[in-house]
>>> print(open('structure_20.cif').read())   # mmCIF, C-alpha atoms
data_target
#
loop_
_atom_site.group_PDB
_atom_site.id
_atom_site.type_symbol
_atom_site.label_atom_id
_atom_site.label_comp_id
_atom_site.auth_asym_id
_atom_site.auth_seq_id
_atom_site.Cartn_x
_atom_site.Cartn_y
_atom_site.Cartn_z
ATOM 1 C CA MET A 22 -43.464 -22.279 24.124
ATOM 2 C CA TYR A 23 -40.970 -19.704 25.388
ATOM 3 C CA THR A 24 -38.071 -21.578 23.763
ATOM 4 C CA GLY A 25 -39.261 -20.616 20.256
ATOM 5 C CA LYS A 26 -39.617 -16.944 21.175
ATOM 6 C CA ILE A 27 -36.224 -16.883 22.879
ATOM 7 C CA LEU A 28 -34.606 -18.576 19.874
ATOM 8 C CA LYS A 29 -36.201 -16.051 17.474
ATOM 9 C CA LEU A 30 -35.062 -13.166 19.675
ATOM 10 C CA PHE A 31 -31.530 -14.587 19.801
ATOM 11 C CA VAL A 32 -31.402 -14.981 15.989
ATOM 12 C CA LEU A 33 -32.749 -11.440 15.530
ATOM 13 C CA ALA A 34 -30.110 -10.052 17.918
ATOM 14 C CA ALA A 35 -27.346 -12.013 16.176
ATOM 15 C CA CYS A 36 -28.450 -10.644 12.777
ATOM 16 C CA PHE A 37 -28.549 -7.105 14.161
ATOM 17 C CA PHE A 38 -25.006 -7.343 15.525
ATOM 18 C CA ALA A 39 -23.730 -8.952 12.306
ATOM 19 C CA VAL A 40 -25.154 -6.132 10.168
ATOM 20 C CA HIS A 41 -23.915 -3.518 12.634
ATOM 21 C CA PHE A 42 -20.414 -5.029 12.607
ATOM 22 C CA LEU A 43 -20.260 -5.083 8.804
ATOM 23 C CA CYS A 44 -21.435 -1.492 8.452
ATOM 24 C CA LEU A 45 -19.228 0.120 11.085
ATOM 25 C CA PRO A 46 -17.316 3.145 9.851
ATOM 26 C CA GLY A 47 -13.580 2.764 10.069
ATOM 27 C CA ILE A 48 -13.481 -0.852 9.003
ATOM 28 C CA SER A 49 -10.571 -1.137 6.641
ATOM 29 C CA PHE A 50 -11.124 -2.575 3.199
ATOM 30 C CA ALA A 51 -7.460 -2.152 2.290
ATOM 31 C CA ALA A 52 -5.773 -4.773 0.230
ATOM 32 C CA ASP A 53 -2.201 -5.934 0.206
ATOM 33 C CA VAL A 54 -1.542 -6.132 -3.506
ATOM 34 C CA TRP A 55 1.227 -8.315 -4.897
ATOM 35 C CA CYS A 56 3.711 -6.230 -6.899
ATOM 36 C CA TYR A 57 6.827 -8.246 -7.592
ATOM 37 C CA SER A 58 8.824 -11.325 -6.544
ATOM 38 C CA ARG A 59 12.600 -11.679 -6.470
ATOM 39 C CA ASP A 60 15.233 -13.636 -4.555
ATOM 40 C CA GLY A 61 12.691 -15.632 -2.512
ATOM 41 C CA ARG A 62 10.784 -12.509 -1.490
ATOM 42 C CA SER A 63 7.492 -11.005 -2.593
ATOM 43 C CA PHE A 64 6.592 -7.342 -2.375
ATOM 44 C CA TYR A 65 3.052 -6.352 -1.414
ATOM 45 C CA LEU A 66 1.669 -2.832 -1.709
ATOM 46 C CA ASP A 67 -0.525 -1.655 1.175
ATOM 47 C CA SER A 68 -3.199 0.053 -0.921
ATOM 48 C CA GLU A 69 -4.563 2.077 1.988
ATOM 49 C CA SER A 70 -1.180 3.655 2.702
ATOM 50 C CA ILE A 71 -0.915 5.506 -0.633
ATOM 51 C CA ASN A 72 -0.592 9.144 0.269
ATOM 52 C CA ALA A 73 -0.079 12.420 -1.559
ATOM 53 C CA GLU A 74 -0.544 14.822 1.361
ATOM 54 C CA SER A 75 1.689 16.053 4.189
ATOM 55 C CA LEU A 76 4.810 14.668 2.553
ATOM 56 C CA PRO A 77 8.458 15.693 2.925
ATOM 57 C CA LYS A 78 9.716 18.455 0.635
ATOM 58 C CA ASP A 79 9.942 17.480 -3.055
ATOM 59 C CA MET A 80 8.043 14.209 -2.540
ATOM 60 C CA ASP A 81 4.791 13.667 -4.419
ATOM 61 C CA TYR A 82 3.669 10.208 -3.252
ATOM 62 C CA ARG A 83 4.381 7.795 -0.408
ATOM 63 C CA VAL A 84 3.410 4.151 0.071
ATOM 64 C CA LEU A 85 4.075 1.281 2.478
ATOM 65 C CA VAL A 86 5.332 -1.967 0.944
ATOM 66 C CA LYS A 87 5.531 -5.243 2.851
ATOM 67 C CA THR A 88 8.298 -7.690 2.000
ATOM 68 C CA VAL A 89 7.261 -11.296 2.637
ATOM 69 C CA LEU A 90 9.494 -14.360 2.574
ATOM 70 C CA ASP A 91 8.204 -16.831 -0.014
ATOM 71 C CA SER A 92 9.513 -19.823 1.947
ATOM 72 C CA ASP A 93 7.154 -19.474 4.912
ATOM 73 C CA GLY A 94 4.986 -16.412 4.211
ATOM 74 C CA SER A 95 6.383 -14.456 7.150
ATOM 75 C CA LEU A 96 6.760 -10.685 7.059
ATOM 76 C CA GLU A 97 10.413 -9.765 6.605
ATOM 77 C CA LYS A 98 10.048 -5.992 6.773
ATOM 78 C CA ASN A 99 7.898 -2.964 6.038
ATOM 79 C CA THR A 100 9.456 -0.375 3.751
ATOM 80 C CA ILE A 101 8.193 3.093 2.947
ATOM 81 C CA TYR A 102 8.792 4.203 -0.633
ATOM 82 C CA GLY A 103 8.546 7.784 -1.833
ATOM 83 C CA PHE A 104 8.098 8.929 -5.415
ATOM 84 C CA GLU A 105 8.566 12.337 -6.952
ATOM 85 C CA SER A 106 8.342 13.721 -10.455
ATOM 86 C CA GLN A 107 11.109 16.013 -11.592
ATOM 87 C CA ASN A 108 10.661 17.470 -15.088
ATOM 88 C CA ASP A 109 8.607 14.462 -16.227
ATOM 89 C CA ILE A 110 11.129 12.043 -14.740
ATOM 90 C CA LEU A 111 10.008 9.755 -11.940
ATOM 91 C CA VAL A 112 12.431 9.323 -9.037
ATOM 92 C CA ALA A 113 12.013 6.920 -6.120
ATOM 93 C CA THR A 114 13.421 7.043 -2.595
ATOM 94 C CA ILE A 115 13.331 4.610 0.314
ATOM 95 C CA TYR A 116 12.898 5.648 3.935
ATOM 96 C CA ASP A 117 15.680 4.416 6.241
ATOM 97 C CA PRO A 118 14.229 4.301 9.770
ATOM 98 C CA SER A 119 17.637 3.848 11.417
ATOM 99 C CA ALA A 120 18.953 7.098 9.897
ATOM 100 C CA LYS A 121 15.497 8.730 9.855
ATOM 101 C CA SER A 122 16.139 9.902 6.315
ATOM 102 C CA TRP A 123 15.238 9.163 2.701
ATOM 103 C CA LYS A 124 17.831 7.421 0.518
ATOM 104 C CA PHE A 125 18.061 6.811 -3.189
ATOM 105 C CA PRO A 126 18.093 3.091 -3.984
ATOM 106 C CA GLU A 127 20.517 1.318 -6.300
ATOM 107 C CA TYR A 128 18.534 1.817 -9.488
ATOM 108 C CA ARG A 129 20.046 -1.070 -11.433
ATOM 109 C CA LYS A 130 19.033 -3.555 -8.764
ATOM 110 C CA GLU A 131 15.804 -1.938 -7.536
ATOM 111 C CA LYS A 132 14.311 -0.516 -10.744
ATOM 112 C CA PRO A 133 12.077 -3.559 -11.533
ATOM 113 C CA VAL A 134 10.661 -3.483 -7.987
ATOM 114 C CA LEU A 135 10.159 0.290 -8.060
ATOM 115 C CA LYS A 136 8.395 0.138 -11.433
ATOM 116 C CA ALA A 137 6.160 -2.699 -10.211
ATOM 117 C CA ILE A 138 5.244 -0.744 -7.071
ATOM 118 C CA TRP A 139 4.500 2.373 -9.108
ATOM 119 C CA ASP A 140 2.346 0.468 -11.603
ATOM 120 C CA SER A 141 0.472 -1.242 -8.752
ATOM 121 C CA MET A 142 -0.218 2.136 -7.128
ATOM 122 C CA LYS A 143 -1.920 3.663 -10.177
ATOM 123 C CA PRO A 144 -5.396 2.084 -9.898
ATOM 124 C CA TYR A 145 -5.570 2.964 -6.189
ATOM 125 C CA MET A 146 -4.362 6.510 -6.847
ATOM 126 C CA LYS A 147 -7.087 6.860 -9.467
ATOM 127 C CA GLN A 148 -9.628 5.515 -6.962
ATOM 128 C CA LYS A 149 -8.456 8.055 -4.356
ATOM 129 C CA HIS A 150 -8.455 10.885 -6.943
ATOM 130 C CA ILE A 151 -4.697 11.373 -6.634
ATOM 131 C CA SER A 152 -3.347 12.785 -9.883
ATOM 132 C CA TYR A 153 -0.318 11.426 -11.727
ATOM 133 C CA SER A 154 0.875 11.284 -15.322
ATOM 134 C CA ASP A 155 1.499 8.213 -17.474
ATOM 135 C CA SER A 156 3.971 10.279 -19.488
ATOM 136 C CA TRP A 157 6.534 10.344 -16.689
ATOM 137 C CA LYS A 158 9.668 8.366 -17.484
ATOM 138 C CA TRP A 159 11.999 6.581 -15.091
ATOM 139 C CA GLU A 160 15.410 8.034 -14.327
#
>>> encode(input="structure_20.cif", output="structure tokens")
Amino acid sequence: MYTGKILKLFVLAACFFAVHFLCLPGISFAADVWCYSRDGRSFYLDSESINAESLPKDMDYRVLVKTVLDSDGSLEKNTIYGFESQNDILVATIYDPSAKSWKFPEYRKEKPVLKAIWDSMKPYMKQKHISYSDSWKWE
């Protein structure tokens, strides 16, 4: 007799906690979005990290990109990329944590990755109401 009531109470409590857990503020719905693959590595954009505020001088956008080894799926490194527009030309920089400074990448080698990251950022920038222009050209 009491077993049925206890079971119903337990199920009700479990449902309450499940709904509460799913609706908690601060739960991240960020996605790691595939951008590009090269040399046994894949680059994933952390969509939640796209930022256009509190950036270093002359930088318009910043994003975290995760480099994953294709062989075993392990994280090789996290890299912060910065983008700026200069007279309708888009320029990218990479943060070097050891020097604590921003460096310009080798454009011949990195341009396909940089373009893929930029193109992957656009829908999330639009979602976050961060303005950009499709007319900007690459250096």
>>> closest_atom_pairs(input="structure_20.cif", of="stretch 91-139 of chain A", to="stretch 75-85 of chain A", cutoff="9 Å", atoms="all atoms listed in the file", output="Markdown table")
| residue | atom | partner | partner_atom | distance |
| --- | --- | --- | --- | --- |
| A:Asn99 | CA | A:Leu85 | CA | 6.7 |
| A:Thr100 | CA | A:Leu85 | CA | 5.8 |
| A:Ile101 | CA | A:Leu85 | CA | 4.5 |
| A:Tyr102 | CA | A:Val84 | CA | 5.4 |
| A:Gly103 | CA | A:Arg83 | CA | 4.4 |
| A:Phe104 | CA | A:Tyr82 | CA | 5.1 |
| A:Glu105 | CA | A:Asp81 | CA | 4.7 |
| A:Ser106 | CA | A:Asp81 | CA | 7.0 |
| A:Gln107 | CA | A:Asp79 | CA | 8.7 |
| A:Thr114 | CA | A:Met80 | CA | 9.0 |
| A:Ile138 | CA | A:Val84 | CA | 8.9 |
>>> atom_distance(input="structure_20.cif", atom1="atom CA of A:Ala137", atom2="atom CA of A:Ser156")
16.1 Å
>>> closest_residue(input="structure_20.cif", among="A:Asn72, A:Val86, A:Trp139, A:Glu97", to="A:Tyr116", atoms="only C-alpha atoms")
A:Val86
>>> atom_distance(input="structure_20.cif", atom1="atom CA of A:Glu131", atom2="atom CA of A:Asp67")
18.5 Å
>>> atom_distance(input="structure_20.cif", atom1="atom CA of A:Gln148", atom2="atom CA of A:Ile115")
24.1 Å
>>> residues_near_point(input="structure_20.cif", point="(16.4, 4.5, -12.1)", cutoff="9 Å", atoms="all atoms listed in the file", output="tab-separated table (two decimals) with C-alpha atoms, in the coordinates of the input")
chain	number	residue	atom	x	y	z
A	111	LEU	CA	10.01	9.76	-11.94
A	112	VAL	CA	12.43	9.32	-9.04
A	113	ALA	CA	12.01	6.92	-6.12
A	126	PRO	CA	18.09	3.09	-3.98
A	127	GLU	CA	20.52	1.32	-6.30
A	128	TYR	CA	18.53	1.82	-9.49
A	129	ARG	CA	20.05	-1.07	-11.43
A	131	GLU	CA	15.80	-1.94	-7.54
A	132	LYS	CA	14.31	-0.52	-10.74
A	135	LEU	CA	10.16	0.29	-8.06
A	159	TRP	CA	12.00	6.58	-15.09
A	160	GLU	CA	15.41	8.03	-14.33
>>> closest_residue(input="structure_20.cif", among="A:Trp123, A:Lys98, A:Asp91, A:Ala73", to="A:His150", atoms="only C-alpha atoms")
A:Ala73
>>> resolve_selection(input="structure_20.cif", expression="the PyMOL selection byres ((chain A and resi 59) around 10)", output="ChimeraX atom specification")
/A:57-58,60-64,90-91,133-134
>>> residues_around(input="structure_20.cif", residues="A:Ser68", least_positions_apart="4", cutoff="9 Å", atoms="all atoms listed in the file", output="list in words")
Ala51, Ala52, Asp53, Val54, Val84, Leu85, Val86, Ser141, Met142, Tyr145 and Met146 of chain A
>>> build_atoms(input="structure_20.cif", residues="stretch 116-142 of chain A", atoms="N, CA, C and O atoms", output="PDB file, in the frame of the given file")
ATOM      1  N   TYR A 116      12.690   5.099   2.591  1.00  0.00           N
ATOM      2  CA  TYR A 116      12.898   5.648   3.935  1.00  0.00           C
ATOM      3  C   TYR A 116      13.743   4.679   4.751  1.00  0.00           C
ATOM      4  O   TYR A 116      13.448   3.485   4.837  1.00  0.00           O
ATOM      5  N   ASP A 117      14.811   5.201   5.363  1.00  0.00           N
ATOM      6  CA  ASP A 117      15.680   4.416   6.241  1.00  0.00           C
ATOM      7  C   ASP A 117      15.359   4.795   7.678  1.00  0.00           C
ATOM      8  O   ASP A 117      15.748   5.872   8.138  1.00  0.00           O
ATOM      9  N   PRO A 118      14.626   3.935   8.415  1.00  0.00           N
ATOM     10  CA  PRO A 118      14.229   4.301   9.770  1.00  0.00           C
ATOM     11  C   PRO A 118      15.399   4.451  10.739  1.00  0.00           C
ATOM     12  O   PRO A 118      15.331   5.238  11.680  1.00  0.00           O
ATOM     13  N   SER A 119      16.503   3.729  10.500  1.00  0.00           N
ATOM     14  CA  SER A 119      17.637   3.848  11.417  1.00  0.00           C
ATOM     15  C   SER A 119      18.303   5.221  11.307  1.00  0.00           C
ATOM     16  O   SER A 119      18.743   5.781  12.296  1.00  0.00           O
ATOM     17  N   ALA A 120      18.365   5.769  10.099  1.00  0.00           N
ATOM     18  CA  ALA A 120      18.953   7.098   9.897  1.00  0.00           C
ATOM     19  C   ALA A 120      17.893   8.197   9.904  1.00  0.00           C
ATOM     20  O   ALA A 120      18.231   9.375   9.868  1.00  0.00           O
ATOM     21  N   LYS A 121      16.630   7.795   9.916  1.00  0.00           N
ATOM     22  CA  LYS A 121      15.497   8.730   9.855  1.00  0.00           C
ATOM     23  C   LYS A 121      15.632   9.689   8.670  1.00  0.00           C
ATOM     24  O   LYS A 121      15.458  10.897   8.797  1.00  0.00           O
ATOM     25  N   SER A 122      15.975   9.092   7.515  1.00  0.00           N
ATOM     26  CA  SER A 122      16.139   9.902   6.315  1.00  0.00           C
ATOM     27  C   SER A 122      15.747   9.080   5.084  1.00  0.00           C
ATOM     28  O   SER A 122      15.626   7.863   5.144  1.00  0.00           O
ATOM     29  N   TRP A 123      15.571   9.783   3.975  1.00  0.00           N
ATOM     30  CA  TRP A 123      15.238   9.163   2.701  1.00  0.00           C
ATOM     31  C   TRP A 123      16.513   8.936   1.911  1.00  0.00           C
ATOM     32  O   TRP A 123      17.373   9.802   1.856  1.00  0.00           O
ATOM     33  N   LYS A 124      16.635   7.760   1.293  1.00  0.00           N
ATOM     34  CA  LYS A 124      17.831   7.421   0.518  1.00  0.00           C
ATOM     35  C   LYS A 124      17.421   7.000  -0.887  1.00  0.00           C
ATOM     36  O   LYS A 124      16.350   6.425  -1.083  1.00  0.00           O
ATOM     37  N   PHE A 125      18.291   7.265  -1.828  1.00  0.00           N
ATOM     38  CA  PHE A 125      18.061   6.811  -3.189  1.00  0.00           C
ATOM     39  C   PHE A 125      18.527   5.363  -3.301  1.00  0.00           C
ATOM     40  O   PHE A 125      19.642   5.041  -2.895  1.00  0.00           O
ATOM     41  N   PRO A 126      17.707   4.503  -3.856  1.00  0.00           N
ATOM     42  CA  PRO A 126      18.093   3.091  -3.984  1.00  0.00           C
ATOM     43  C   PRO A 126      19.078   2.895  -5.136  1.00  0.00           C
ATOM     44  O   PRO A 126      19.262   3.766  -5.974  1.00  0.00           O
ATOM     45  N   GLU A 127      19.684   1.698  -5.164  1.00  0.00           N
ATOM     46  CA  GLU A 127      20.517   1.318  -6.300  1.00  0.00           C
ATOM     47  C   GLU A 127      19.569   1.039  -7.456  1.00  0.00           C
ATOM     48  O   GLU A 127      18.859   0.040  -7.460  1.00  0.00           O
ATOM     49  N   TYR A 128      19.548   1.921  -8.435  1.00  0.00           N
ATOM     50  CA  TYR A 128      18.534   1.817  -9.488  1.00  0.00           C
ATOM     51  C   TYR A 128      18.680   0.572 -10.347  1.00  0.00           C
ATOM     52  O   TYR A 128      17.695  -0.003 -10.781  1.00  0.00           O
ATOM     53  N   ARG A 129      19.881   0.141 -10.606  1.00  0.00           N
ATOM     54  CA  ARG A 129      20.046  -1.070 -11.433  1.00  0.00           C
ATOM     55  C   ARG A 129      19.396  -2.275 -10.778  1.00  0.00           C
ATOM     56  O   ARG A 129      18.748  -3.065 -11.435  1.00  0.00           O
ATOM     57  N   LYS A 130      19.571  -2.409  -9.492  1.00  0.00           N
ATOM     58  CA  LYS A 130      19.033  -3.555  -8.764  1.00  0.00           C
ATOM     59  C   LYS A 130      17.546  -3.373  -8.442  1.00  0.00           C
ATOM     60  O   LYS A 130      16.761  -4.301  -8.553  1.00  0.00           O
ATOM     61  N   GLU A 131      17.154  -2.184  -8.049  1.00  0.00           N
ATOM     62  CA  GLU A 131      15.804  -1.938  -7.536  1.00  0.00           C
ATOM     63  C   GLU A 131      14.791  -1.475  -8.577  1.00  0.00           C
ATOM     64  O   GLU A 131      13.601  -1.461  -8.294  1.00  0.00           O
ATOM     65  N   LYS A 132      15.225  -1.095  -9.764  1.00  0.00           N
ATOM     66  CA  LYS A 132      14.311  -0.516 -10.744  1.00  0.00           C
ATOM     67  C   LYS A 132      13.112  -1.418 -11.062  1.00  0.00           C
ATOM     68  O   LYS A 132      11.985  -0.920 -11.112  1.00  0.00           O
ATOM     69  N   PRO A 133      13.266  -2.731 -11.257  1.00  0.00           N
ATOM     70  CA  PRO A 133      12.077  -3.559 -11.533  1.00  0.00           C
ATOM     71  C   PRO A 133      11.066  -3.537 -10.384  1.00  0.00           C
ATOM     72  O   PRO A 133       9.855  -3.492 -10.620  1.00  0.00           O
ATOM     73  N   VAL A 134      11.554  -3.539  -9.149  1.00  0.00           N
ATOM     74  CA  VAL A 134      10.661  -3.483  -7.987  1.00  0.00           C
ATOM     75  C   VAL A 134       9.965  -2.133  -7.935  1.00  0.00           C
ATOM     76  O   VAL A 134       8.745  -2.055  -7.740  1.00  0.00           O
ATOM     77  N   LEU A 135      10.715  -1.057  -8.122  1.00  0.00           N
ATOM     78  CA  LEU A 135      10.159   0.290  -8.060  1.00  0.00           C
ATOM     79  C   LEU A 135       9.093   0.497  -9.137  1.00  0.00           C
ATOM     80  O   LEU A 135       8.027   1.055  -8.872  1.00  0.00           O
ATOM     81  N   LYS A 136       9.376   0.018 -10.358  1.00  0.00           N
ATOM     82  CA  LYS A 136       8.395   0.138 -11.433  1.00  0.00           C
ATOM     83  C   LYS A 136       7.139  -0.671 -11.117  1.00  0.00           C
ATOM     84  O   LYS A 136       6.024  -0.213 -11.383  1.00  0.00           O
ATOM     85  N   ALA A 137       7.318  -1.859 -10.558  1.00  0.00           N
ATOM     86  CA  ALA A 137       6.160  -2.699 -10.211  1.00  0.00           C
ATOM     87  C   ALA A 137       5.323  -2.036  -9.121  1.00  0.00           C
ATOM     88  O   ALA A 137       4.087  -2.061  -9.176  1.00  0.00           O
ATOM     89  N   ILE A 138       5.971  -1.449  -8.136  1.00  0.00           N
ATOM     90  CA  ILE A 138       5.244  -0.744  -7.071  1.00  0.00           C
ATOM     91  C   ILE A 138       4.478   0.430  -7.669  1.00  0.00           C
ATOM     92  O   ILE A 138       3.291   0.614  -7.391  1.00  0.00           O
ATOM     93  N   TRP A 139       5.153   1.217  -8.506  1.00  0.00           N
ATOM     94  CA  TRP A 139       4.500   2.373  -9.108  1.00  0.00           C
ATOM     95  C   TRP A 139       3.283   1.952  -9.941  1.00  0.00           C
ATOM     96  O   TRP A 139       2.214   2.530  -9.838  1.00  0.00           O
ATOM     97  N   ASP A 140       3.457   0.926 -10.765  1.00  0.00           N
ATOM     98  CA  ASP A 140       2.346   0.468 -11.603  1.00  0.00           C
ATOM     99  C   ASP A 140       1.195  -0.089 -10.763  1.00  0.00           C
ATOM    100  O   ASP A 140       0.028   0.070 -11.123  1.00  0.00           O
ATOM    101  N   SER A 141       1.514  -0.714  -9.639  1.00  0.00           N
ATOM    102  CA  SER A 141       0.472  -1.242  -8.752  1.00  0.00           C
ATOM    103  C   SER A 141      -0.260  -0.127  -8.019  1.00  0.00           C
ATOM    104  O   SER A 141      -1.420  -0.286  -7.633  1.00  0.00           O
ATOM    105  N   MET A 142       0.402   0.996  -7.818  1.00  0.00           N
ATOM    106  CA  MET A 142      -0.218   2.136  -7.128  1.00  0.00           C
ATOM    107  C   MET A 142      -1.273   2.834  -7.976  1.00  0.00           C
ATOM    108  O   MET A 142      -2.246   3.373  -7.441  1.00  0.00           O
TER     109      MET A 142
END
